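Containing compact mmCIF, C-alpha atoms: final-v6.txt.
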# COMPACT_ATOMS: atom_id res chain seq x y z
CA MET T 1 -64.44 40.65 26.91
CA LEU T 2 -64.99 38.42 23.90
CA VAL T 3 -64.28 39.65 20.34
CA PHE T 4 -64.16 37.93 16.98
CA PRO T 5 -61.20 39.05 14.83
CA ASN T 6 -62.03 38.72 11.14
CA ALA T 7 -59.86 38.09 8.11
CA LYS T 8 -59.50 40.19 4.96
CA LEU T 9 -59.40 39.76 1.20
CA ASN T 10 -57.19 41.56 -1.29
CA LEU T 11 -58.92 42.90 -4.39
CA GLY T 12 -55.90 43.25 -6.63
CA LEU T 13 -52.35 43.39 -5.31
CA TYR T 14 -49.50 45.10 -7.12
CA ILE T 15 -45.90 45.22 -5.88
CA THR T 16 -44.76 48.54 -7.31
CA SER T 17 -41.26 49.37 -6.03
CA GLN T 18 -38.46 48.56 -3.60
CA ARG T 19 -38.18 50.75 -0.49
CA PRO T 20 -34.93 51.95 1.13
CA ASP T 21 -36.00 50.30 4.42
CA GLY T 22 -36.05 46.84 2.79
CA PHE T 23 -39.82 46.63 2.42
CA ARG T 24 -41.68 46.98 -0.87
CA ASN T 25 -44.37 49.42 -1.85
CA LEU T 26 -47.67 47.94 -2.89
CA GLU T 27 -51.15 48.85 -4.02
CA SER T 28 -54.20 46.83 -3.03
CA VAL T 29 -57.77 47.16 -1.85
CA PHE T 30 -58.50 45.46 1.45
CA VAL T 31 -62.02 44.32 2.32
CA PRO T 32 -63.16 42.63 5.54
CA LEU T 33 -63.91 38.91 5.31
CA PRO T 34 -66.25 37.57 8.04
CA TRP T 35 -64.19 34.41 8.62
CA THR T 36 -63.29 34.87 12.26
CA ASP T 37 -61.15 33.75 15.17
CA ALA T 38 -62.28 34.24 18.77
CA LEU T 39 -60.29 36.26 21.32
CA GLU T 40 -61.16 36.60 25.00
CA VAL T 41 -59.45 39.23 27.16
CA LEU T 42 -60.01 39.14 30.91
CA PRO T 43 -58.36 40.82 33.93
CA ALA T 44 -56.21 38.28 35.79
CA ALA T 45 -53.74 37.87 38.62
CA GLU T 46 -50.91 37.39 36.11
CA THR T 47 -50.61 37.77 32.37
CA SER T 48 -51.03 34.60 30.33
CA LEU T 49 -51.87 33.50 26.80
CA HIS T 50 -53.88 30.38 26.05
CA LEU T 51 -54.14 29.06 22.50
CA SER T 52 -56.62 26.63 20.98
CA GLY T 53 -57.89 25.69 17.55
CA ILE T 54 -55.41 25.63 14.67
CA PRO T 55 -51.85 25.23 16.03
CA ILE T 56 -49.88 28.47 15.80
CA PRO T 57 -46.16 28.05 15.05
CA GLY T 58 -43.56 29.85 17.13
CA GLU T 59 -43.18 30.61 20.80
CA PRO T 60 -46.30 31.95 22.58
CA ALA T 61 -44.26 34.91 23.82
CA THR T 62 -43.98 36.13 20.21
CA ASN T 63 -47.73 35.94 19.57
CA LEU T 64 -49.07 39.21 18.18
CA CYS T 65 -51.90 39.39 20.72
CA LEU T 66 -49.42 39.29 23.59
CA ARG T 67 -47.20 41.81 21.81
CA ALA T 68 -50.21 44.11 21.43
CA TYR T 69 -50.78 43.94 25.18
CA GLU T 70 -47.11 44.66 25.89
CA LEU T 71 -47.17 47.70 23.59
CA LEU T 72 -50.07 49.28 25.45
CA LYS T 73 -48.79 48.22 28.86
CA ALA T 74 -45.53 50.09 28.25
CA ASP T 75 -47.46 53.35 27.86
CA PHE T 76 -50.47 52.84 30.13
CA ASN T 77 -49.29 50.48 32.90
CA LEU T 78 -52.11 48.02 32.30
CA PRO T 79 -52.93 45.38 34.91
CA PRO T 80 -52.32 41.70 34.07
CA VAL T 81 -54.70 39.99 31.65
CA GLN T 82 -55.58 36.51 30.52
CA LEU T 83 -55.71 36.18 26.75
CA HIS T 84 -57.36 33.19 25.09
CA LEU T 85 -57.11 32.98 21.30
CA HIS T 86 -59.09 30.31 19.49
CA LYS T 87 -57.61 30.12 15.99
CA VAL T 88 -59.92 29.33 13.07
CA VAL T 89 -58.63 31.43 10.15
CA PRO T 90 -55.86 29.52 8.33
CA ILE T 91 -52.27 30.62 8.85
CA GLY T 92 -50.09 31.45 5.84
CA ALA T 93 -53.16 31.88 3.68
CA GLY T 94 -52.91 35.55 2.69
CA LEU T 95 -56.00 36.40 4.74
CA GLY T 96 -54.35 38.57 7.41
CA GLY T 97 -55.60 36.41 10.27
CA GLY T 98 -52.71 37.12 12.64
CA SER T 99 -52.89 40.83 11.90
CA GLY T 100 -56.58 40.85 12.67
CA ASP T 101 -55.95 39.12 16.00
CA ALA T 102 -53.39 41.76 16.96
CA ALA T 103 -55.62 44.69 15.99
CA PHE T 104 -58.63 43.25 17.81
CA ALA T 105 -56.47 42.75 20.89
CA LEU T 106 -55.60 46.46 20.81
CA ARG T 107 -59.25 47.36 20.36
CA ALA T 108 -60.40 45.05 23.17
CA LEU T 109 -57.78 46.35 25.60
CA ASN T 110 -58.72 49.92 24.73
CA ASP T 111 -62.37 49.18 25.52
CA LEU T 112 -61.79 46.94 28.55
CA PHE T 113 -59.58 49.45 30.34
CA ARG T 114 -61.35 52.55 28.98
CA LEU T 115 -58.17 54.05 27.57
CA GLY T 116 -60.14 56.26 25.21
CA LEU T 117 -57.67 55.91 22.36
CA PRO T 118 -59.09 57.14 19.01
CA PRO T 119 -58.76 54.99 15.85
CA GLU T 120 -55.78 56.93 14.51
CA THR T 121 -53.83 56.25 17.72
CA LEU T 122 -54.74 52.56 17.68
CA GLU T 123 -53.62 52.43 14.04
CA ALA T 124 -50.23 53.85 15.03
CA TYR T 125 -49.80 51.06 17.58
CA ALA T 126 -51.00 48.48 15.06
CA ARG T 127 -48.42 49.58 12.47
CA ARG T 128 -45.71 48.67 14.97
CA LEU T 129 -47.00 45.07 14.97
CA GLY T 130 -47.30 44.47 11.22
CA SER T 131 -47.86 46.19 7.92
CA ASP T 132 -51.54 45.32 7.50
CA CYS T 133 -52.54 45.27 11.18
CA ALA T 134 -53.76 48.87 11.02
CA PHE T 135 -56.46 47.94 8.49
CA PHE T 136 -58.39 46.00 11.13
CA ILE T 137 -58.78 48.99 13.46
CA ARG T 138 -61.45 50.64 11.31
CA ASN T 139 -62.16 47.39 9.45
CA LYS T 140 -63.75 48.79 6.30
CA PRO T 141 -62.81 48.67 2.58
CA VAL T 142 -59.78 50.84 1.82
CA PHE T 143 -57.23 51.46 -0.89
CA ALA T 144 -53.92 50.51 0.74
CA TYR T 145 -50.50 51.64 -0.42
CA GLU T 146 -46.88 52.15 0.64
CA LYS T 147 -46.24 49.09 2.89
CA GLY T 148 -49.95 48.35 2.96
CA ASP T 149 -50.38 50.46 6.08
CA VAL T 150 -51.43 53.78 4.54
CA PHE T 151 -55.08 54.00 3.54
CA GLU T 152 -57.51 56.00 1.48
CA ASP T 153 -61.25 55.56 1.55
CA ILE T 154 -62.71 53.87 -1.50
CA SER T 155 -66.27 53.83 -2.77
CA LEU T 156 -66.80 50.08 -2.95
CA ASN T 157 -69.73 48.14 -1.61
CA LEU T 158 -69.66 44.34 -1.79
CA THR T 159 -72.03 43.90 1.16
CA GLY T 160 -74.12 40.79 0.63
CA THR T 161 -71.97 39.40 -2.19
CA ALA T 162 -71.68 35.61 -1.98
CA CYS T 163 -68.08 34.50 -1.54
CA LYS T 164 -66.22 31.21 -1.33
CA VAL T 165 -62.69 31.06 0.08
CA ILE T 166 -60.64 27.90 -0.38
CA TYR T 167 -57.43 27.19 1.52
CA PRO T 168 -55.66 24.09 0.20
CA GLY T 169 -53.57 23.53 3.32
CA LEU T 170 -50.53 25.00 1.62
CA HIS T 171 -48.52 27.36 3.83
CA ILE T 172 -46.69 29.96 1.75
CA SER T 173 -44.47 32.15 3.89
CA THR T 174 -44.36 35.86 3.18
CA ALA T 175 -40.59 35.63 2.72
CA GLU T 176 -40.91 32.93 0.06
CA ALA T 177 -43.67 34.79 -1.75
CA TYR T 178 -41.68 38.01 -1.95
CA SER T 179 -38.55 36.15 -3.08
CA ARG T 180 -40.40 35.09 -6.23
CA ILE T 181 -41.60 38.52 -7.27
CA SER T 182 -40.06 41.66 -8.78
CA PRO T 183 -41.62 45.12 -8.44
CA ARG T 184 -43.20 46.60 -11.57
CA THR T 185 -45.59 49.30 -12.69
CA PRO T 186 -49.21 48.13 -12.39
CA ARG T 187 -50.83 47.16 -15.67
CA HIS T 188 -54.11 48.80 -14.67
CA ASP T 189 -55.21 51.59 -12.35
CA LEU T 190 -56.68 49.55 -9.51
CA ARG T 191 -59.20 52.10 -8.26
CA ALA T 192 -60.46 52.79 -11.76
CA ALA T 193 -60.75 49.07 -12.51
CA LEU T 194 -62.70 48.35 -9.34
CA ALA T 195 -65.10 51.19 -10.16
CA GLN T 196 -66.27 49.17 -13.17
CA PRO T 197 -68.83 46.33 -12.98
CA LEU T 198 -67.56 43.32 -11.05
CA GLU T 199 -67.86 41.13 -14.16
CA THR T 200 -65.06 43.15 -15.81
CA TRP T 201 -62.53 42.60 -13.00
CA ARG T 202 -61.46 39.26 -14.44
CA THR T 203 -59.39 41.04 -17.11
CA THR T 204 -58.35 44.18 -15.22
CA VAL T 205 -57.77 43.29 -11.55
CA SER T 206 -54.90 40.93 -10.73
CA ASN T 207 -52.57 39.83 -7.95
CA ASP T 208 -48.85 39.89 -8.80
CA PHE T 209 -48.22 37.01 -6.38
CA GLU T 210 -50.63 34.79 -8.24
CA GLU T 211 -48.63 35.01 -11.46
CA ALA T 212 -45.36 34.47 -9.56
CA LEU T 213 -46.47 31.55 -7.38
CA THR T 214 -48.79 29.49 -9.59
CA PRO T 215 -45.94 27.94 -11.64
CA TYR T 216 -44.50 26.56 -8.36
CA TYR T 217 -47.91 25.66 -6.86
CA PRO T 218 -50.24 24.62 -9.70
CA VAL T 219 -53.04 23.91 -7.22
CA LEU T 220 -53.61 27.66 -6.98
CA GLY T 221 -54.49 27.82 -10.66
CA GLU T 222 -56.61 24.69 -10.37
CA ILE T 223 -58.71 26.18 -7.57
CA LYS T 224 -59.15 29.43 -9.45
CA ALA T 225 -60.28 27.56 -12.56
CA ALA T 226 -62.75 25.53 -10.48
CA LEU T 227 -64.26 28.71 -9.06
CA TYR T 228 -64.72 30.20 -12.52
CA ALA T 229 -66.20 26.93 -13.77
CA ALA T 230 -68.68 27.11 -10.89
CA GLY T 231 -69.84 30.54 -12.04
CA ALA T 232 -67.67 33.02 -10.13
CA ALA T 233 -67.71 36.49 -11.63
CA TYR T 234 -64.25 37.09 -10.21
CA ALA T 235 -61.66 34.81 -8.61
CA SER T 236 -58.19 35.52 -7.27
CA LEU T 237 -55.43 34.61 -4.88
CA SER T 238 -55.64 36.69 -1.70
CA GLY T 239 -52.54 38.41 -0.40
CA SER T 240 -49.40 36.35 -0.87
CA GLY T 241 -51.49 33.15 -0.73
CA SER T 242 -52.42 30.43 -0.60
CA ALA T 243 -56.17 31.03 -0.14
CA VAL T 244 -58.10 31.57 -3.37
CA TYR T 245 -61.54 33.17 -3.37
CA GLY T 246 -64.43 33.57 -5.75
CA LEU T 247 -67.19 36.19 -5.80
CA PHE T 248 -70.69 35.18 -6.88
CA PRO T 249 -72.93 38.27 -7.08
CA GLY T 250 -76.64 37.59 -7.22
CA LEU T 251 -76.47 34.32 -5.27
CA GLU T 252 -77.61 33.76 -1.72
CA GLN T 253 -74.73 31.34 -1.15
CA PRO T 254 -71.82 30.25 -3.35
CA PRO T 255 -72.17 26.86 -5.07
CA VAL T 256 -70.89 23.68 -3.47
CA LEU T 257 -67.66 22.28 -4.91
CA GLU T 258 -66.20 18.82 -4.48
CA LEU T 259 -62.86 19.43 -2.79
CA PRO T 260 -60.33 17.33 -0.87
CA ALA T 261 -61.31 16.83 2.76
CA ALA T 262 -58.09 18.48 3.93
CA TYR T 263 -59.05 21.82 2.38
CA GLN T 264 -60.54 24.53 4.59
CA VAL T 265 -63.46 26.37 3.03
CA TRP T 266 -65.39 29.45 4.05
CA ASP T 267 -68.78 30.06 2.43
CA GLY T 268 -70.83 33.13 3.13
CA ARG T 269 -71.60 36.70 2.19
CA LEU T 270 -69.34 39.72 2.54

Would you mind writing the file out in structure tokens?
Amino acid sequence: MLVFPNAKLNLGLYITSQRPDGFRNLESVFVPLPWTDALEVLPAAETSLHLSGIPIPGEPATNLCLRAYELLKADFNLPPVQLHLHKVVPIGAGLGGGSGDAAFALRALNDLFRLGLPPETLEAYARRLGSDCAFFIRNKPVFAYEKGDVFEDISLNLTGTACKVIYPGLHISTAEAYSRISPRTPRHDLRAALAQPLETWRTTVSNDFEEALTPYYPVLGEIKAALYAAGAAYASLSGSGSAVYGLFPGLEQPPVLELPAAYQVWDGRL
């Protein structure tokens, strides 16, 4: 079985309070981004994981796809599988690429072995792998809160909107990003702000990490300014960075920008 785990974008991201369990509460809207990896899951004589594409740091045994398999195997006694993950979505970019891989692994295993698990059950498994993994089970726009793993439906349709995502090759770890930020009350009601025309989001929808990280990584501000100069109606850091995206409603494709060759860029429509 071959699946294509996608990434996500954050529309707004507010860190609102500290939790007793050491995590922080947040508010954000997650939307699917069709920048994808490729994951193949096949029955095999013994379980193995093969990686290609962008190098993934850490031991293969800790890979989220393999952990997803082990979670289900503990409850359903699955036979061995061969997993092959071809990594395309940048790592440490705030795009949720690893979380998407894990969630799609759960979904593929559920389908391959006909486990019949409903989305809410798959989401419960996904939450055990990472805070935003559960989003990729249903894979549709949601208002996310608490740790980013509790969702409410939101009336938001960006289908067909031209989008450019720029990753400057700068890996910002989640731990570093959170160390530079303090929880605070959001300046704007995110759902109300996103209900307004997209052109108004520039002054009402923000990402707390962007304000905290840009002084240390000026390139983030430079990319955002370049996107606005190119005509973006809205531009922002995604997640805890370092990918920055711009939305260009009304265009078939986002404009071409002159960027360093080392940058990774995704152009397309949401």

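For stretch 116-126 of chain T, the list of residues within 8 Å, based on only C-alpha atoms and with local chain neighbours fewer than 5 positions off taken out, reads Ala68, Leu71, Ala102, Ala103, Leu106, Arg107, Asn110, Asp111, Cys133, Ala134, Phe135, Ile137 and Arg138 of chain T.
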
Between T:Lys224, T:Arg191, T:Arg128, T:His86, which one has atoms that come closest to T:Ser155, using only C-alpha atoms?
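Among T:Lys224, T:Arg191, T:Arg128, T:His86, it is T:Arg191 that comes nearest to T:Ser155.
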
Distance cut-off 10 Å, centre (-50.6, 50.7, 27.2) in file coordinates, counting only C-alpha atoms: which residues qualify? Return them as a ChimeraX atom specification.
/T:68-79,106,109-110,113,115,125

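Between T:Ser240 and the candidates T:Pro32, T:Gly92, T:Pro215, T:Pro168, the tightest atom-to-atom separation, counting only C-alpha atoms, involves T:Gly92.
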
With all atoms listed in the file as the counted atoms, please give the residues lying no more than 7 Å from T:Gly246, apart from itself and same-chain residues fewer than 6 positions off, as JSON, numbers by chain.
{"T": [163, 164, 165, 227, 232, 234, 235, 236]}

Can you pull out the residues contacting T:Tyr145? Cut-off 7 Å, using all atoms listed in the file, and skip same-chain residues under 6 positions away; I want them as a PyMOL selection string.
chain T and resi 25-28+151

Could you build a table of the residues in stretch 29-119 of chain T lying no more than 7 Å from stretch 7-24 of chain T, giving for each the nearest pair of atoms and their separation in Å rounded to one decimal place, using all atoms listed in the file, ordered by chain and ascending residue number, as a Markdown table?
| residue | atom | partner | partner_atom | distance |
| --- | --- | --- | --- | --- |
| T:Val29 | CA | T:Leu11 | CA | 5.1 |
| T:Phe30 | CA | T:Asn10 | CA | 4.9 |
| T:Val31 | CA | T:Leu9 | CA | 5.4 |
| T:Pro32 | CA | T:Lys8 | CA | 4.4 |
| T:Leu33 | CA | T:Lys8 | CA | 4.6 |
| T:Pro34 | CA | T:Ala7 | CA | 6.4 |
| T:Trp35 | CA | T:Ala7 | CA | 5.7 |
| T:Thr36 | CA | T:Ala7 | CA | 6.3 |
| T:Leu95 | CA | T:Lys8 | CA | 5.2 |
| T:Gly96 | CA | T:Ala7 | CA | 5.6 |
| T:Gly97 | CA | T:Ala7 | CA | 5.1 |
| T:Gly100 | CA | T:Ala7 | CA | 6.3 |

May I have the residues within 12 Å of T:Tyr216 as a list in words, using only C-alpha atoms and disregarding those fewer than 5 positions away in the same chain?
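Surrounding residues, per the criterion: Leu170, Ile172, Glu176, Ala177, Arg180, Phe209, Glu210, Glu211, Gly221 and Ser242 of chain T.
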
Restricting the calculation to all atoms listed in the file, which member of T:Gly94, T:His188, T:Thr47, T:Thr203 is positioned closest to T:Gly241?
T:Gly94

Can you list, as a PyMOL selection string, every protein, DNA or RNA residue that comes within 9 Å of stretch 196-199 of chain T when you count all atoms listed in the file, leaving out same-chain residues fewer than 3 positions away?
chain T and resi 192-193+202-203+233-234+247+249

One-decimal distance in Å that lies between atom CA of T:Leu213 and atom CA of T:Gly53:
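Distance reported for this atom pair: 28.0 Å.
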
Using all atoms listed in the file, find the one residue out of T:Thr161, T:Asn207, T:Ser238, T:Ser99 that sits nearest to T:Pro186.
T:Asn207

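One distance worth recording is that between atom CA of T:Phe136 and atom CA of T:Leu270, which is 15.3 Å.
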
With the input short on atoms, add N, CA and C atoms back to stretch 107-129 of chain T and write it as a PDB file, keeping the file's coordinate frame.
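Saved the output as selection-v5.pdb:
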ATOM      1  N   ARG T 107     -57.917  46.793  20.210  1.00  0.00           N
ATOM      2  CA  ARG T 107     -59.250  47.360  20.360  1.00  0.00           C
ATOM      3  C   ARG T 107     -59.915  46.890  21.659  1.00  0.00           C
ATOM      4  N   ALA T 108     -59.784  45.592  21.966  1.00  0.00           N
ATOM      5  CA  ALA T 108     -60.400  45.050  23.170  1.00  0.00           C
ATOM      6  C   ALA T 108     -59.774  45.652  24.428  1.00  0.00           C
ATOM      7  N   LEU T 109     -58.454  45.776  24.437  1.00  0.00           N
ATOM      8  CA  LEU T 109     -57.780  46.350  25.600  1.00  0.00           C
ATOM      9  C   LEU T 109     -58.173  47.823  25.775  1.00  0.00           C
ATOM     10  N   ASN T 110     -58.297  48.522  24.680  1.00  0.00           N
ATOM     11  CA  ASN T 110     -58.720  49.920  24.730  1.00  0.00           C
ATOM     12  C   ASN T 110     -60.111  50.047  25.349  1.00  0.00           C
ATOM     13  N   ASP T 111     -61.012  49.143  24.973  1.00  0.00           N
ATOM     14  CA  ASP T 111     -62.370  49.180  25.520  1.00  0.00           C
ATOM     15  C   ASP T 111     -62.426  48.677  26.957  1.00  0.00           C
ATOM     16  N   LEU T 112     -61.722  47.557  27.224  1.00  0.00           N
ATOM     17  CA  LEU T 112     -61.790  46.940  28.550  1.00  0.00           C
ATOM     18  C   LEU T 112     -61.281  47.884  29.630  1.00  0.00           C
ATOM     19  N   PHE T 113     -60.184  48.586  29.334  1.00  0.00           N
ATOM     20  CA  PHE T 113     -59.580  49.450  30.340  1.00  0.00           C
ATOM     21  C   PHE T 113     -59.896  50.934  30.121  1.00  0.00           C
ATOM     22  N   ARG T 114     -60.846  51.190  29.210  1.00  0.00           N
ATOM     23  CA  ARG T 114     -61.350  52.550  28.980  1.00  0.00           C
ATOM     24  C   ARG T 114     -60.222  53.540  28.765  1.00  0.00           C
ATOM     25  N   LEU T 115     -59.319  53.179  27.858  1.00  0.00           N
ATOM     26  CA  LEU T 115     -58.170  54.050  27.570  1.00  0.00           C
ATOM     27  C   LEU T 115     -58.578  55.254  26.735  1.00  0.00           C
ATOM     28  N   GLY T 116     -59.660  55.132  25.994  1.00  0.00           N
ATOM     29  CA  GLY T 116     -60.140  56.260  25.210  1.00  0.00           C
ATOM     30  C   GLY T 116     -59.301  56.606  24.005  1.00  0.00           C
ATOM     31  N   LEU T 117     -58.535  55.632  23.494  1.00  0.00           N
ATOM     32  CA  LEU T 117     -57.670  55.910  22.360  1.00  0.00           C
ATOM     33  C   LEU T 117     -58.485  55.972  21.071  1.00  0.00           C
ATOM     34  N   PRO T 118     -58.346  57.032  20.267  1.00  0.00           N
ATOM     35  CA  PRO T 118     -59.090  57.140  19.010  1.00  0.00           C
ATOM     36  C   PRO T 118     -58.510  56.192  17.963  1.00  0.00           C
ATOM     37  N   PRO T 119     -59.247  55.937  16.879  1.00  0.00           N
ATOM     38  CA  PRO T 119     -58.760  54.990  15.850  1.00  0.00           C
ATOM     39  C   PRO T 119     -57.388  55.314  15.300  1.00  0.00           C
ATOM     40  N   GLU T 120     -57.082  56.591  15.089  1.00  0.00           N
ATOM     41  CA  GLU T 120     -55.780  56.930  14.510  1.00  0.00           C
ATOM     42  C   GLU T 120     -54.633  56.554  15.453  1.00  0.00           C
ATOM     43  N   THR T 121     -54.864  56.644  16.762  1.00  0.00           N
ATOM     44  CA  THR T 121     -53.830  56.250  17.720  1.00  0.00           C
ATOM     45  C   THR T 121     -53.682  54.730  17.754  1.00  0.00           C
ATOM     46  N   LEU T 122     -54.801  54.023  17.731  1.00  0.00           N
ATOM     47  CA  LEU T 122     -54.740  52.560  17.680  1.00  0.00           C
ATOM     48  C   LEU T 122     -54.052  52.096  16.394  1.00  0.00           C
ATOM     49  N   GLU T 123     -54.293  52.786  15.293  1.00  0.00           N
ATOM     50  CA  GLU T 123     -53.620  52.430  14.040  1.00  0.00           C
ATOM     51  C   GLU T 123     -52.107  52.604  14.165  1.00  0.00           C
ATOM     52  N   ALA T 124     -51.672  53.636  14.847  1.00  0.00           N
ATOM     53  CA  ALA T 124     -50.230  53.850  15.030  1.00  0.00           C
ATOM     54  C   ALA T 124     -49.607  52.704  15.819  1.00  0.00           C
ATOM     55  N   TYR T 125     -50.289  52.230  16.860  1.00  0.00           N
ATOM     56  CA  TYR T 125     -49.800  51.060  17.580  1.00  0.00           C
ATOM     57  C   TYR T 125     -49.809  49.827  16.677  1.00  0.00           C
ATOM     58  N   ALA T 126     -50.874  49.657  15.913  1.00  0.00           N
ATOM     59  CA  ALA T 126     -51.000  48.480  15.060  1.00  0.00           C
ATOM     60  C   ALA T 126     -49.900  48.417  14.015  1.00  0.00           C
ATOM     61  N   ARG T 127     -49.494  49.560  13.484  1.00  0.00           N
ATOM     62  CA  ARG T 127     -48.420  49.580  12.470  1.00  0.00           C
ATOM     63  C   ARG T 127     -47.105  49.059  13.046  1.00  0.00           C
ATOM     64  N   ARG T 128     -46.930  49.167  14.344  1.00  0.00           N
ATOM     65  CA  ARG T 128     -45.710  48.670  14.970  1.00  0.00           C
ATOM     66  C   ARG T 128     -45.717  47.145  15.081  1.00  0.00           C
ATOM     67  N   LEU T 129     -46.879  46.525  14.868  1.00  0.00           N
ATOM     68  CA  LEU T 129     -47.000  45.070  14.970  1.00  0.00           C
ATOM     69  C   LEU T 129     -46.941  44.383  13.613  1.00  0.00           C
TER      70      LEU T 129
END
